[in-house]
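Take a look at the structure set out below.
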Amino acid sequence: VRLVESGGGLVQPGGSLTLSCTASGFTLRTYAIYWDRQTPGKGLEWVSAIYTTGTTGDYADSVKGRFTISRDNAKNTVYLRMNSLKSEDTGLYYCRTTLRGTRILGQGTHVTVSS
């Protein structure tokens, strides 16, 4: 049972990236999935969440209007589309869930926003 993030990289300010969070060992669509990030300026910060009902997500104020969370149940994957990236979005991005009382956390994927 694990989550694996991918899609990070180096991007210029104003650019876009799409992060993926793929589950193995369980069916991701039956759980709420959260994205957090560890940034140099703010430490650990919750970014976004998508729940088992519906397709809309919740967002931190710092990313609202720029980031979009979505699911592809056929691929057992949650995505985080990040647009209009800023230098303060630089950090290590994790996805997580809670499975039968146990927190499952991926290894993270690095995002660097720099010119």
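Starting from 1 in every chain, residues are counted up; chains themselves are A, B, ... following the order of the structure tokens, and ligands are numbered from 1 as listed.
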I'd like the contact shell of Thr56 (chain A) - 12 Å cut-off, only C-alpha atoms, skipping same-chain residues fewer than 2 positions apart - returned as a PyMOL selection string. chain A and resi 32+48-54+58-59+67-71
According to DSSP computed on the backbone, where in chain A is there strand (DSSP E)? Give the residues as a PyMOL selection string. chain A and resi 2-6+9-11+17-24+33-39+43-50+57-59+67-72+77-82+91-99+102-105+109-113
For Tyr93 (chain A), find every residue with an atom within 9 Å (counting only C-alpha atoms), except residues of its own chain fewer than 3 positions away, and show them as JSON, numbers by chain. {"A": [5, 8, 19, 35, 36, 37, 38, 39, 47, 90, 107, 108, 109, 110, 111]}
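For the pair CA of Ser87 (chain A) and CA of Thr112 (chain A), the separation is 7.5 Å.
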Shortest interatomic distance to Phe26 (chain A) - which of A:Tyr79, A:Thr98, A:Lys42, A:Leu10, counting only C-alpha atoms: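 Smallest separation from Phe26 (chain A) among the options: A:Thr98.
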Kindly give the distance, in Å, that separates CA of Gly65 (chain A) and CA of Leu80 (chain A), rounded to a single decimal.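 Calculated distance between CA of Gly65 (chain A) and CA of Leu80 (chain A) is 12.5 Å.
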